[in-house]
Amino acid sequence: MNTDERRLELNGITEKIIGCAFKVGNTLGCGFVEQVYQNSLVYELRKTGMLVEPQFTIYVHYEDIIVGKFIPDVLVERSVLVELKAIKSIGEREMAQCLNVIKATKLTVCLLINFGNPKVEIQRIVNNF
């Protein structure tokens, strides 16, 4: 698959994720803890037929040892990481967390989705290596 085809594939996946996130946000509104939104989003994503892997461990290796680990909220289609928040606003700390995770996984895209306000906030973080 060439770069343009891969970009189109990732765009299609992220569009579906964003659509599901808006559905969850519109249905639940704000005010719940992150886990409620995660469970709801995983349910909606699975209804689309996509492969969804919540709360899995990613190990960071240095030479032949494990030097760290991340537990991202959701991996979709083994291609797009999704980090969920239920906070007042997304800041640099949350953006840096997502960038660290996609660097560790060698993935390209992370969607940072915040359900902490009446309007769902979404940031797309891209690692171009």
# chains A, B, ... in the order shown; residues from 1 in each chain; ligands from 1
$ select_by_dssp --residues "chain A" --states "alpha helix (DSSP H)" --output "PyMOL selection string"
chain A and resi 3-28+34-47+92-105
$ select_by_dssp --residues "chain A" --states "strand (DSSP E or B)" --output "CSV table (one decimal) with C-alpha atoms, in the first residue's frame"
chain,number,residue,atom,x,y,z
A,52,VAL,CA,-11.5,-2.4,18.6
A,53,GLU,CA,-9.0,-3.1,21.3
A,54,PRO,CA,-9.5,-1.2,24.6
A,58,ILE,CA,2.3,-1.4,24.9
A,59,TYR,CA,5.8,-2.0,26.0
A,60,VAL,CA,8.7,0.3,25.1
A,61,HIS,CA,12.0,-1.4,24.4
A,62,TYR,CA,15.5,-0.2,24.6
A,65,ILE,CA,15.0,-4.6,27.8
A,66,ILE,CA,11.6,-3.1,28.6
A,67,VAL,CA,12.1,0.5,29.7
A,68,GLY,CA,8.4,1.6,30.0
A,69,LYS,CA,4.9,0.8,29.2
A,70,PHE,CA,1.7,2.6,28.0
A,74,VAL,CA,-8.5,2.2,22.6
A,75,LEU,CA,-6.7,1.0,19.4
A,76,VAL,CA,-8.9,0.8,16.3
A,80,VAL,CA,-5.4,4.5,15.1
A,81,LEU,CA,-5.0,5.2,18.8
A,82,VAL,CA,-7.8,6.9,20.7
A,83,GLU,CA,-7.2,8.6,24.0
A,84,LEU,CA,-10.2,9.8,25.9
A,85,LYS,CA,-10.5,12.5,28.4
A,109,VAL,CA,-2.3,8.8,14.2
A,110,CYS,CA,-3.8,9.4,17.6
A,111,LEU,CA,-7.2,11.0,18.2
A,112,LEU,CA,-7.5,12.8,21.5
A,113,ILE,CA,-11.2,13.1,22.4
A,114,ASN,CA,-12.5,15.1,25.3
A,121,GLU,CA,-13.4,18.4,21.6
A,122,ILE,CA,-11.2,16.3,19.2
A,123,GLN,CA,-7.5,16.8,18.4
A,124,ARG,CA,-5.7,14.7,15.8
A,125,ILE,CA,-2.1,14.1,16.6
A,126,VAL,CA,0.1,12.8,13.7
$ residues_around --residues "Thr48 in chain A" --least-positions-apart "6" --cutoff "12 Å" --atoms "only C-alpha atoms" --output "PDB file with N, CA and C atoms, in the first residue's frame"
ATOM      1  N   ILE A  13     -10.852   5.624   8.684  1.00  0.00           N
ATOM      2  CA  ILE A  13     -10.981   5.103  10.049  1.00  0.00           C
ATOM      3  C   ILE A  13     -11.251   6.242  11.020  1.00  0.00           C
ATOM      4  N   GLU A  15     -12.544   9.163  10.457  1.00  0.00           N
ATOM      5  CA  GLU A  15     -13.892   9.715  10.248  1.00  0.00           C
ATOM      6  C   GLU A  15     -14.944   8.887  10.975  1.00  0.00           C
ATOM      7  N   LYS A  16     -14.828   7.568  10.910  1.00  0.00           N
ATOM      8  CA  LYS A  16     -15.777   6.701  11.616  1.00  0.00           C
ATOM      9  C   LYS A  16     -15.669   6.889  13.127  1.00  0.00           C
ATOM     10  N   ILE A  17     -14.436   6.979  13.628  1.00  0.00           N
ATOM     11  CA  ILE A  17     -14.227   7.175  15.064  1.00  0.00           C
ATOM     12  C   ILE A  17     -14.848   8.496  15.508  1.00  0.00           C
ATOM     13  N   GLY A  19     -17.247  10.196  14.081  1.00  0.00           N
ATOM     14  CA  GLY A  19     -18.705  10.079  14.033  1.00  0.00           C
ATOM     15  C   GLY A  19     -19.256   9.377  15.263  1.00  0.00           C
ATOM     16  N   CYS A  20     -18.603   8.298  15.666  1.00  0.00           N
ATOM     17  CA  CYS A  20     -19.031   7.567  16.867  1.00  0.00           C
ATOM     18  C   CYS A  20     -18.846   8.417  18.120  1.00  0.00           C
ATOM     19  N   LEU A  41     -18.018   4.425  23.646  1.00  0.00           N
ATOM     20  CA  LEU A  41     -17.344   4.549  22.353  1.00  0.00           C
ATOM     21  C   LEU A  41     -16.937   3.182  21.814  1.00  0.00           C
ATOM     22  N   VAL A  42     -16.417   2.322  22.668  1.00  0.00           N
ATOM     23  CA  VAL A  42     -16.053   0.966  22.238  1.00  0.00           C
ATOM     24  C   VAL A  42     -17.285   0.255  21.683  1.00  0.00           C
ATOM     25  N   VAL A  76      -7.926   1.184  17.332  1.00  0.00           N
ATOM     26  CA  VAL A  76      -8.942   0.849  16.332  1.00  0.00           C
ATOM     27  C   VAL A  76      -8.253   0.381  15.056  1.00  0.00           C
ATOM     28  N   GLU A  77      -8.672  -0.793  14.592  1.00  0.00           N
ATOM     29  CA  GLU A  77      -8.150  -1.372  13.350  1.00  0.00           C
ATOM     30  C   GLU A  77      -6.625  -1.501  13.371  1.00  0.00           C
TER      31      GLU A  77
END
$ closest_residue --among "A:Ser40, A:Asn100, A:Asn2, A:Thr105" --to "Phe22 in chain A" --atoms "only C-alpha atoms"
A:Ser40
